[in-house]
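Asks: Input file: model_13.pdb. Contents: PDB, C-alpha atoms, pLDDT in the B column.
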ATOM      1  CA  MET C   1       0.000   0.000   0.000  1.00 39.00           C
ATOM      2  CA  ASP C   2       1.443   3.370  -0.972  1.00 45.00           C
ATOM      3  CA  ILE C   3       0.304   5.613   1.863  1.00 50.00           C
ATOM      4  CA  GLY C   4       0.858   9.335   2.017  1.00 61.00           C
ATOM      5  CA  ASP C   5       0.237  11.330   5.189  1.00 60.00           C
ATOM      6  CA  CYS C   6      -2.157  14.263   4.704  1.00 58.00           C
ATOM      7  CA  SER C   7      -2.259  15.435   8.290  1.00 59.00           C
ATOM      8  CA  SER C   8      -0.826  18.877   7.640  1.00 56.00           C
ATOM      9  CA  ALA C   9      -3.007  21.715   6.373  1.00 56.00           C
ATOM     10  CA  GLU C  10      -0.700  22.189   3.365  1.00 56.00           C
ATOM     11  CA  LYS C  11      -1.070  18.569   2.260  1.00 65.00           C
ATOM     12  CA  ARG C  12      -4.825  18.577   2.873  1.00 65.00           C
ATOM     13  CA  SER C  13      -5.172  21.612   0.647  1.00 71.00           C
ATOM     14  CA  GLN C  14      -3.958  19.432  -2.225  1.00 84.00           C
ATOM     15  CA  LEU C  15      -7.008  17.171  -1.882  1.00 91.00           C
ATOM     16  CA  ASP C  16     -10.066  17.676  -4.049  1.00 93.00           C
ATOM     17  CA  PRO C  17     -12.310  20.085  -2.055  1.00 94.00           C
ATOM     18  CA  ALA C  18     -15.160  17.532  -1.965  1.00 96.00           C
ATOM     19  CA  VAL C  19     -12.831  14.883  -0.480  1.00 96.00           C
ATOM     20  CA  ALA C  20     -11.208  17.371   1.897  1.00 95.00           C
ATOM     21  CA  ALA C  21     -14.632  18.321   3.281  1.00 96.00           C
ATOM     22  CA  LEU C  22     -15.360  14.673   4.122  1.00 97.00           C
ATOM     23  CA  VAL C  23     -12.146  14.250   6.142  1.00 96.00           C
ATOM     24  CA  GLU C  24     -11.833  17.713   7.674  1.00 94.00           C
ATOM     25  CA  ASP C  25     -12.805  16.556  11.188  1.00 94.00           C
ATOM     26  CA  TYR C  26     -10.181  13.786  11.260  1.00 95.00           C
ATOM     27  CA  ARG C  27      -6.780  14.499  12.801  1.00 92.00           C
ATOM     28  CA  ILE C  28      -4.967  11.855  10.729  1.00 93.00           C
ATOM     29  CA  VAL C  29      -5.625  11.476   7.013  1.00 95.00           C
ATOM     30  CA  LEU C  30      -3.760   9.017   4.798  1.00 95.00           C
ATOM     31  CA  ASN C  31      -4.049   8.648   1.038  1.00 95.00           C
ATOM     32  CA  THR C  32      -3.511   5.384  -0.791  1.00 95.00           C
ATOM     33  CA  LEU C  33      -4.243   3.825  -4.136  1.00 96.00           C
ATOM     34  CA  VAL C  34      -6.749   1.007  -4.417  1.00 97.00           C
ATOM     35  CA  ALA C  35      -4.679  -1.850  -5.819  1.00 96.00           C
ATOM     36  CA  TRP C  36      -5.967  -4.322  -8.376  1.00 96.00           C
ATOM     37  CA  GLY C  37      -5.197  -7.096  -5.879  1.00 96.00           C
ATOM     38  CA  ASP C  38      -7.491  -5.492  -3.271  1.00 96.00           C
ATOM     39  CA  MET C  39     -10.502  -6.625  -5.328  1.00 95.00           C
ATOM     40  CA  ASP C  40     -12.290  -9.959  -5.180  1.00 94.00           C
ATOM     41  CA  ALA C  41     -14.028 -12.095  -7.809  1.00 94.00           C
ATOM     42  CA  ASN C  42     -16.936  -9.615  -7.892  1.00 94.00           C
ATOM     43  CA  SER C  43     -14.578  -6.842  -9.088  1.00 94.00           C
ATOM     44  CA  HIS C  44     -14.899  -4.709  -5.987  1.00 95.00           C
ATOM     45  CA  VAL C  45     -12.643  -4.286  -2.976  1.00 97.00           C
ATOM     46  CA  ASN C  46     -12.953  -7.265  -0.659  1.00 96.00           C
ATOM     47  CA  ASN C  47     -14.468  -6.498   2.762  1.00 95.00           C
ATOM     48  CA  VAL C  48     -11.262  -7.596   4.497  1.00 96.00           C
ATOM     49  CA  MET C  49      -9.375  -4.801   2.733  1.00 97.00           C
ATOM     50  CA  TYR C  50     -11.615  -2.157   4.301  1.00 98.00           C
ATOM     51  CA  PHE C  51     -10.458  -3.407   7.709  1.00 97.00           C
ATOM     52  CA  ARG C  52      -6.847  -3.204   6.497  1.00 97.00           C
ATOM     53  CA  TYR C  53      -7.376   0.388   5.375  1.00 97.00           C
ATOM     54  CA  ILE C  54      -8.892   1.165   8.795  1.00 97.00           C
ATOM     55  CA  GLU C  55      -5.936  -0.538  10.471  1.00 96.00           C
ATOM     56  CA  SER C  56      -3.520   1.636   8.490  1.00 95.00           C
ATOM     57  CA  GLY C  57      -5.242   4.787   9.747  1.00 95.00           C
ATOM     58  CA  ARG C  58      -5.226   3.512  13.314  1.00 95.00           C
ATOM     59  CA  ILE C  59      -1.545   2.511  13.252  1.00 92.00           C
ATOM     60  CA  TRP C  60      -0.501   5.796  11.654  1.00 92.00           C
ATOM     61  CA  TYR C  61      -2.384   7.653  14.403  1.00 92.00           C
ATOM     62  CA  PHE C  62      -0.392   5.715  17.032  1.00 89.00           C
ATOM     63  CA  HIS C  63       2.835   6.421  15.170  1.00 88.00           C
ATOM     64  CA  GLU C  64       2.120  10.158  15.029  1.00 87.00           C
ATOM     65  CA  LEU C  65       1.522  10.231  18.799  1.00 83.00           C
ATOM     66  CA  GLY C  66       4.517   8.060  19.691  1.00 78.00           C
ATOM     67  CA  PHE C  67       2.412   5.124  20.873  1.00 74.00           C
ATOM     68  CA  SER C  68       3.495   2.556  18.295  1.00 66.00           C
ATOM     69  CA  ARG C  69       5.292  -0.545  19.527  1.00 65.00           C
ATOM     70  CA  GLU C  70       8.666   0.755  18.351  1.00 65.00           C
ATOM     71  CA  GLN C  71       8.242   4.128  20.087  1.00 62.00           C
ATOM     72  CA  ARG C  72       6.817   3.181  23.482  1.00 61.00           C
ATOM     73  CA  GLN C  73       9.022   3.464  26.546  1.00 68.00           C
ATOM     74  CA  SER C  74       7.091   0.790  28.479  1.00 76.00           C
ATOM     75  CA  SER C  75       5.293  -2.492  27.922  1.00 86.00           C
ATOM     76  CA  VAL C  76       1.911  -0.709  27.983  1.00 88.00           C
ATOM     77  CA  GLY C  77       0.262  -0.158  24.621  1.00 86.00           C
ATOM     78  CA  PRO C  78      -3.052  -0.389  22.826  1.00 90.00           C
ATOM     79  CA  ILE C  79      -4.782  -3.657  22.022  1.00 93.00           C
ATOM     80  CA  LEU C  80      -7.833  -3.927  19.791  1.00 96.00           C
ATOM     81  CA  ALA C  81     -10.957  -5.078  21.670  1.00 97.00           C
ATOM     82  CA  TRP C  82     -13.418  -4.821  18.768  1.00 97.00           C
ATOM     83  CA  ALA C  83     -13.831  -3.214  15.379  1.00 97.00           C
ATOM     84  CA  ASP C  84     -16.767  -2.603  13.084  1.00 97.00           C
ATOM     85  CA  CYS C  85     -17.237  -1.227   9.618  1.00 98.00           C
ATOM     86  CA  ARG C  86     -20.288   0.150   7.861  1.00 98.00           C
ATOM     87  CA  PHE C  87     -19.917  -0.256   4.118  1.00 97.00           C
ATOM     88  CA  ARG C  88     -21.493   2.599   2.175  1.00 98.00           C
ATOM     89  CA  ILE C  89     -20.354   2.157  -1.444  1.00 97.00           C
ATOM     90  CA  PRO C  90     -18.180  -0.457  -3.160  1.00 97.00           C
ATOM     91  CA  LEU C  91     -14.649   0.527  -4.053  1.00 98.00           C
ATOM     92  CA  SER C  92     -12.828  -0.752  -7.113  1.00 97.00           C
ATOM     93  CA  PHE C  93      -9.640  -0.263  -9.099  1.00 97.00           C
ATOM     94  CA  PRO C  94      -8.651   2.357 -10.151  1.00 96.00           C
ATOM     95  CA  ASP C  95      -9.309   4.727  -7.284  1.00 97.00           C
ATOM     96  CA  THR C  96      -7.503   6.637  -4.564  1.00 97.00           C
ATOM     97  CA  ILE C  97      -8.854   6.723  -1.043  1.00 97.00           C
ATOM     98  CA  SER C  98      -8.353   8.952   1.962  1.00 97.00           C
ATOM     99  CA  ILE C  99      -8.445   7.245   5.347  1.00 97.00           C
ATOM    100  CA  GLY C 100      -9.313   9.502   8.282  1.00 97.00           C
ATOM    101  CA  ALA C 101      -8.762   8.584  11.956  1.00 97.00           C
ATOM    102  CA  ARG C 102      -9.666  10.327  15.205  1.00 97.00           C
ATOM    103  CA  ILE C 103     -10.221   9.425  18.847  1.00 96.00           C
ATOM    104  CA  VAL C 104     -13.714  10.338  20.019  1.00 95.00           C
ATOM    105  CA  ASP C 105     -13.937   8.835  23.511  1.00 95.00           C
ATOM    106  CA  LEU C 106     -11.164   8.645  26.077  1.00 94.00           C
ATOM    107  CA  GLN C 107     -11.525   6.724  29.339  1.00 95.00           C
ATOM    108  CA  ASP C 108      -9.169   5.576  32.106  1.00 95.00           C
ATOM    109  CA  ASP C 109      -8.100   2.358  30.391  1.00 96.00           C
ATOM    110  CA  ARG C 110      -9.653   2.504  26.900  1.00 96.00           C
ATOM    111  CA  PHE C 111     -10.547   4.746  24.020  1.00 96.00           C
ATOM    112  CA  THR C 112     -12.714   4.704  20.926  1.00 98.00           C
ATOM    113  CA  MET C 113     -11.389   5.559  17.488  1.00 97.00           C
ATOM    114  CA  GLN C 114     -13.518   6.488  14.493  1.00 98.00           C
ATOM    115  CA  THR C 115     -12.304   6.060  10.947  1.00 98.00           C
ATOM    116  CA  VAL C 116     -13.635   6.989   7.544  1.00 98.00           C
ATOM    117  CA  ILE C 117     -12.652   5.829   4.064  1.00 98.00           C
ATOM    118  CA  VAL C 118     -13.385   8.317   1.275  1.00 98.00           C
ATOM    119  CA  SER C 119     -13.303   7.470  -2.436  1.00 98.00           C
ATOM    120  CA  HIS C 120     -11.669  10.130  -4.598  1.00 98.00           C
ATOM    121  CA  ALA C 121     -13.362   8.756  -7.731  1.00 98.00           C
ATOM    122  CA  HIS C 122     -16.841   8.979  -6.220  1.00 98.00           C
ATOM    123  CA  LYS C 123     -16.138  11.871  -3.819  1.00 98.00           C
ATOM    124  CA  ARG C 124     -18.177  10.003  -1.216  1.00 98.00           C
ATOM    125  CA  VAL C 125     -17.675   8.107   2.017  1.00 98.00           C
ATOM    126  CA  ALA C 126     -17.089   4.468   1.083  1.00 98.00           C
ATOM    127  CA  ALA C 127     -17.030   3.147   4.659  1.00 98.00           C
ATOM    128  CA  GLU C 128     -17.103   4.207   8.300  1.00 98.00           C
ATOM    129  CA  GLY C 129     -15.454   2.287  11.100  1.00 97.00           C
ATOM    130  CA  GLN C 130     -15.231   2.362  14.840  1.00 98.00           C
ATOM    131  CA  GLN C 131     -12.797   0.560  17.098  1.00 98.00           C
ATOM    132  CA  ARG C 132     -12.469   0.157  20.853  1.00 98.00           C
ATOM    133  CA  LEU C 133      -8.898  -0.071  22.063  1.00 96.00           C
ATOM    134  CA  VAL C 134      -7.828  -1.040  25.553  1.00 96.00           C
ATOM    135  CA  SER C 135      -4.605  -0.039  27.261  1.00 93.00           C
ATOM    136  CA  TYR C 136      -2.742  -3.288  27.809  1.00 93.00           C
ATOM    137  CA  ASP C 137       0.440  -4.277  29.627  1.00 92.00           C
ATOM    138  CA  TYR C 138       2.075  -6.771  27.273  1.00 92.00           C
ATOM    139  CA  ASP C 139       4.602  -7.947  29.910  1.00 92.00           C
ATOM    140  CA  LYS C 140       1.915  -8.722  32.502  1.00 95.00           C
ATOM    141  CA  ASN C 141      -0.746  -9.818  29.970  1.00 95.00           C
ATOM    142  CA  GLU C 142      -3.426  -7.666  31.569  1.00 96.00           C
ATOM    143  CA  LYS C 143      -5.351  -4.454  31.137  1.00 96.00           C
ATOM    144  CA  ALA C 144      -3.554  -1.350  32.396  1.00 95.00           C
ATOM    145  CA  PRO C 145      -4.382   2.318  32.932  1.00 95.00           C
ATOM    146  CA  LEU C 146      -3.846   4.504  29.876  1.00 92.00           C
ATOM    147  CA  PRO C 147      -0.442   6.189  30.373  1.00 88.00           C
ATOM    148  CA  ASP C 148      -0.828   9.848  31.347  1.00 90.00           C
ATOM    149  CA  SER C 149       1.653  10.881  28.657  1.00 86.00           C
ATOM    150  CA  PHE C 150      -0.435   9.258  25.925  1.00 87.00           C
ATOM    151  CA  ARG C 151      -3.665  10.693  27.345  1.00 91.00           C
ATOM    152  CA  ARG C 152      -2.170  14.197  27.272  1.00 90.00           C
ATOM    153  CA  ARG C 153      -0.942  13.716  23.693  1.00 89.00           C
ATOM    154  CA  ILE C 154      -4.415  12.577  22.572  1.00 91.00           C
ATOM    155  CA  GLU C 155      -6.116  15.513  24.303  1.00 92.00           C
ATOM    156  CA  GLU C 156      -3.663  17.979  22.786  1.00 91.00           C
ATOM    157  CA  PHE C 157      -3.742  16.343  19.347  1.00 91.00           C
ATOM    158  CA  GLU C 158      -7.547  16.210  19.306  1.00 91.00           C
ATOM    159  CA  LYS C 159      -7.703  19.719  20.844  1.00 85.00           C
ATOM    160  CA  ARG C 160      -9.727  18.597  23.872  1.00 59.00           C
ATOM    161  CA  GLU C 161     -10.105  20.633  27.012  1.00 46.00           C
TER     162      GLU C 161
END
Could I get this file's structure written as structure tokens?
Replies:
Amino acid sequence: MDIGDCSSAEKRSQLDPAVAALVEDYRIVLNTLVAWGDMDANSHVNNVMYFRYIESGRIWYFHELGFSREQRQSSVGPILAWADCRFRIPLSFPDTISIGARIVDLQDDRFTMQTVIVSHAHKRVAAEGQQRLVSYDYDKNEKAPLPDSFRRRIEEFEKRE
């Protein structure tokens, strides 16, 4: 997947205005091409690929905030508890998509992330996802409080009071 980060205002301004409007409320926006191999026998993107696109947005969000596995200073990190996806329109090759990610609910030991996948060809939302992530201590194999440093970064990044 050839992913380009569109988180900065300058890069977002390069998006088609109709696409930019659909991702304007998302703190992380990635662009990628729909590959021929993403499609199934029905000539549209396989449902599994939508979850991979959503995963890419989620992982890039963690990377931007320093919470990816390679960046963490402790054994505490996010673990996916559940994920869903509402399919709105089928995607197919050729197309470019923008994947938006944001955190909408922050609790002591978990948070909820929303994602959106926007088709550049159709200038419409192709899918919407939501994921619940739990703060997890990978050394102890148990749930853990969300590190204060990560909580502060989310609140600042999402511009929360």
Asks: Can you build me a table of range 38-143 of chain C residues sitting at most 6 Å from range 16-33 of chain C, with the closest atom pair per residue and its distance in Å to one decimal, using only C-alpha atoms, sorted by chain and residue number, as JSON lines?
Replies:
{"residue": "C:Thr96", "atom": "CA", "partner": "C:Leu33", "partner_atom": "CA", "distance": 4.3}
{"residue": "C:Ile97", "atom": "CA", "partner": "C:Thr32", "partner_atom": "CA", "distance": 5.5}
{"residue": "C:Ser98", "atom": "CA", "partner": "C:Asn31", "partner_atom": "CA", "distance": 4.4}
{"residue": "C:Ile99", "atom": "CA", "partner": "C:Leu30", "partner_atom": "CA", "distance": 5.0}
{"residue": "C:Gly100", "atom": "CA", "partner": "C:Val29", "partner_atom": "CA", "distance": 4.4}
{"residue": "C:Ala101", "atom": "CA", "partner": "C:Ile28", "partner_atom": "CA", "distance": 5.2}
{"residue": "C:Arg102", "atom": "CA", "partner": "C:Tyr26", "partner_atom": "CA", "distance": 5.3}
{"residue": "C:Lys123", "atom": "CA", "partner": "C:Val19", "partner_atom": "CA", "distance": 5.6}
Asks: Given the choices C:Gln14, C:Ile103, C:Phe93, C:Gln131, which gets closest to Met39 in chain C if the distance is worked out from all atoms listed in the file?
Replies: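 Looking at the shortest contact to Met39 in chain C, the residue is C:Phe93.
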Asks: If we count all atoms listed in the file, what is near range 84-90 of chain C at a cut-off of 12 Å, once residues fewer than 3 positions away on the same chain are taken out, given as an MDAnalysis selection string?
Replies: chainID C and resid 34 38:40 42:55 80:81 93 95 97 112:119 121:132
Asks: In Å, rounded to a single decimal, give me how far CA of Tyr138 in chain C is from CA of Gln107 in chain C.
Replies: 19.3 Å
Asks: Just to confirm, what's the straight-line distance from CA of Leu146 in chain C to CA of Val76 in chain C in Å (one decimal)?
Replies: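 Here the two named atoms are 8.0 Å from each other.
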Asks: From the set C:Arg153, C:Gly57, C:Ser75, C:Ser13, which residue has the shortest atom-to-atom contact distance to Asn141 in chain C, counting all atoms listed in the file?
Replies: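 Nearest to Asn141 in chain C: C:Ser75.
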Asks: Mind giving me the straight-line distance from CA of Ser92 in chain C to CA of His63 in chain C in Å, one decimal?
Replies: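 CA of His63 in chain C lies 28.2 Å from CA of Ser92 in chain C.
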Asks: Just checking: using only C-alpha atoms, which residue out of C:Val104, C:Ile154, C:Gly77, C:Arg110 ends up closest to Lys140 in chain C?
Replies: C:Gly77
Asks: Would you mind putting N, CA and C atoms back on range 43-79 of chain C and writing the result as an mmCIF file, in the coordinates of the input?
Replies:
data_model
loop_
_atom_site.group_PDB
_atom_site.id
_atom_site.type_symbol
_atom_site.label_atom_id
_atom_site.label_comp_id
_atom_site.auth_asym_id
_atom_site.auth_seq_id
_atom_site.Cartn_x
_atom_site.Cartn_y
_atom_site.Cartn_z
ATOM 1 N N SER C 43 -15.180 -8.077 -8.563
ATOM 2 C CA SER C 43 -14.578 -6.842 -9.088
ATOM 3 C C SER C 43 -14.822 -5.618 -8.216
ATOM 4 N N HIS C 44 -14.904 -5.836 -6.922
ATOM 5 C CA HIS C 44 -14.899 -4.709 -5.987
ATOM 6 C C HIS C 44 -13.993 -5.068 -4.821
ATOM 7 N N VAL C 45 -13.573 -4.059 -4.079
ATOM 8 C CA VAL C 45 -12.643 -4.286 -2.976
ATOM 9 C C VAL C 45 -13.277 -5.242 -1.971
ATOM 10 N N ASN C 46 -12.509 -6.261 -1.618
ATOM 11 C CA ASN C 46 -12.953 -7.265 -0.659
ATOM 12 C C ASN C 46 -13.149 -6.615 0.712
ATOM 13 N N ASN C 47 -14.155 -7.071 1.451
ATOM 14 C CA ASN C 47 -14.468 -6.498 2.762
ATOM 15 C C ASN C 47 -13.271 -6.500 3.704
ATOM 16 N N VAL C 48 -12.433 -7.517 3.625
ATOM 17 C CA VAL C 48 -11.262 -7.596 4.497
ATOM 18 C C VAL C 48 -10.341 -6.395 4.273
ATOM 19 N N MET C 49 -10.252 -5.929 3.038
ATOM 20 C CA MET C 49 -9.375 -4.801 2.733
ATOM 21 C C MET C 49 -9.832 -3.520 3.429
ATOM 22 N N TYR C 50 -11.128 -3.342 3.593
ATOM 23 C CA TYR C 50 -11.615 -2.157 4.301
ATOM 24 C C TYR C 50 -11.043 -2.145 5.724
ATOM 25 N N PHE C 51 -11.023 -3.326 6.365
ATOM 26 C CA PHE C 51 -10.458 -3.407 7.709
ATOM 27 C C PHE C 51 -8.947 -3.145 7.684
ATOM 28 N N ARG C 52 -8.278 -3.515 6.615
ATOM 29 C CA ARG C 52 -6.847 -3.204 6.497
ATOM 30 C C ARG C 52 -6.636 -1.705 6.315
ATOM 31 N N TYR C 53 -7.475 -1.067 5.530
ATOM 32 C CA TYR C 53 -7.376 0.388 5.375
ATOM 33 C C TYR C 53 -7.583 1.068 6.732
ATOM 34 N N ILE C 54 -8.607 0.617 7.465
ATOM 35 C CA ILE C 54 -8.892 1.165 8.795
ATOM 36 C C ILE C 54 -7.694 0.943 9.718
ATOM 37 N N GLU C 55 -7.111 -0.236 9.661
ATOM 38 C CA GLU C 55 -5.936 -0.538 10.471
ATOM 39 C C GLU C 55 -4.786 0.419 10.148
ATOM 40 N N SER C 56 -4.594 0.713 8.882
ATOM 41 C CA SER C 56 -3.520 1.636 8.490
ATOM 42 C C SER C 56 -3.725 3.009 9.110
ATOM 43 N N GLY C 57 -4.954 3.505 9.110
ATOM 44 C CA GLY C 57 -5.242 4.787 9.747
ATOM 45 C C GLY C 57 -4.982 4.745 11.238
ATOM 46 N N ARG C 58 -5.405 3.667 11.868
ATOM 47 C CA ARG C 58 -5.226 3.512 13.314
ATOM 48 C C ARG C 58 -3.742 3.451 13.669
ATOM 49 N N ILE C 59 -2.969 2.663 12.951
ATOM 50 C CA ILE C 59 -1.545 2.511 13.252
ATOM 51 C C ILE C 59 -0.798 3.806 12.987
ATOM 52 N N TRP C 60 -1.169 4.521 11.932
ATOM 53 C CA TRP C 60 -0.501 5.796 11.654
ATOM 54 C C TRP C 60 -0.796 6.802 12.770
ATOM 55 N N TYR C 61 -2.028 6.787 13.278
ATOM 56 C CA TYR C 61 -2.384 7.653 14.403
ATOM 57 C C TYR C 61 -1.442 7.365 15.579
ATOM 58 N N PHE C 62 -1.279 6.073 15.924
ATOM 59 C CA PHE C 62 -0.392 5.715 17.032
ATOM 60 C C PHE C 62 1.032 6.175 16.753
ATOM 61 N N HIS C 63 1.482 6.001 15.537
ATOM 62 C CA HIS C 63 2.835 6.421 15.170
ATOM 63 C C HIS C 63 3.006 7.930 15.362
ATOM 64 N N GLU C 64 2.035 8.698 14.910
ATOM 65 C CA GLU C 64 2.120 10.158 15.029
ATOM 66 C C GLU C 64 2.175 10.602 16.489
ATOM 67 N N LEU C 65 1.543 9.860 17.386
ATOM 68 C CA LEU C 65 1.522 10.231 18.799
ATOM 69 C C LEU C 65 2.596 9.514 19.622
ATOM 70 N N GLY C 66 3.440 8.733 18.970
ATOM 71 C CA GLY C 66 4.517 8.060 19.691
ATOM 72 C C GLY C 66 4.056 6.873 20.511
ATOM 73 N N PHE C 67 2.963 6.242 20.113
ATOM 74 C CA PHE C 67 2.412 5.124 20.873
ATOM 75 C C PHE C 67 2.529 3.814 20.107
ATOM 76 N N SER C 68 3.295 3.810 19.026
ATOM 77 C CA SER C 68 3.495 2.556 18.295
ATOM 78 C C SER C 68 4.459 1.674 19.083
ATOM 79 N N ARG C 69 4.476 0.421 18.789
ATOM 80 C CA ARG C 69 5.292 -0.545 19.527
ATOM 81 C C ARG C 69 6.761 -0.127 19.555
ATOM 82 N N GLU C 70 7.258 0.371 18.439
ATOM 83 C CA GLU C 70 8.666 0.755 18.351
ATOM 84 C C GLU C 70 8.991 2.010 19.153
ATOM 85 N N GLN C 71 8.002 2.838 19.433
ATOM 86 C CA GLN C 71 8.242 4.128 20.087
ATOM 87 C C GLN C 71 7.988 4.126 21.585
ATOM 88 N N ARG C 72 7.207 3.174 22.070
ATOM 89 C CA ARG C 72 6.817 3.181 23.482
ATOM 90 C C ARG C 72 8.019 2.959 24.391
ATOM 91 N N GLN C 73 7.956 3.597 25.557
ATOM 92 C CA GLN C 73 9.022 3.464 26.546
ATOM 93 C C GLN C 73 8.690 2.401 27.592
ATOM 94 N N SER C 74 7.490 1.806 27.506
ATOM 95 C CA SER C 74 7.091 0.790 28.479
ATOM 96 C C SER C 74 6.398 -0.355 27.741
ATOM 97 N N SER C 75 5.987 -1.338 28.509
ATOM 98 C CA SER C 75 5.293 -2.492 27.922
ATOM 99 C C SER C 75 3.806 -2.231 27.736
ATOM 100 N N VAL C 76 3.333 -1.042 28.102
ATOM 101 C CA VAL C 76 1.911 -0.709 27.983
ATOM 102 C C VAL C 76 1.653 -0.098 26.611
ATOM 103 N N GLY C 77 0.647 -0.650 25.939
ATOM 104 C CA GLY C 77 0.262 -0.158 24.621
ATOM 105 C C GLY C 77 -1.179 -0.517 24.322
ATOM 106 N N PRO C 78 -1.658 -0.115 23.173
ATOM 107 C CA PRO C 78 -3.052 -0.389 22.826
ATOM 108 C C PRO C 78 -3.227 -1.810 22.307
ATOM 109 N N ILE C 79 -4.398 -2.369 22.594
ATOM 110 C CA ILE C 79 -4.782 -3.657 22.022
ATOM 111 C C ILE C 79 -6.227 -3.507 21.550
#
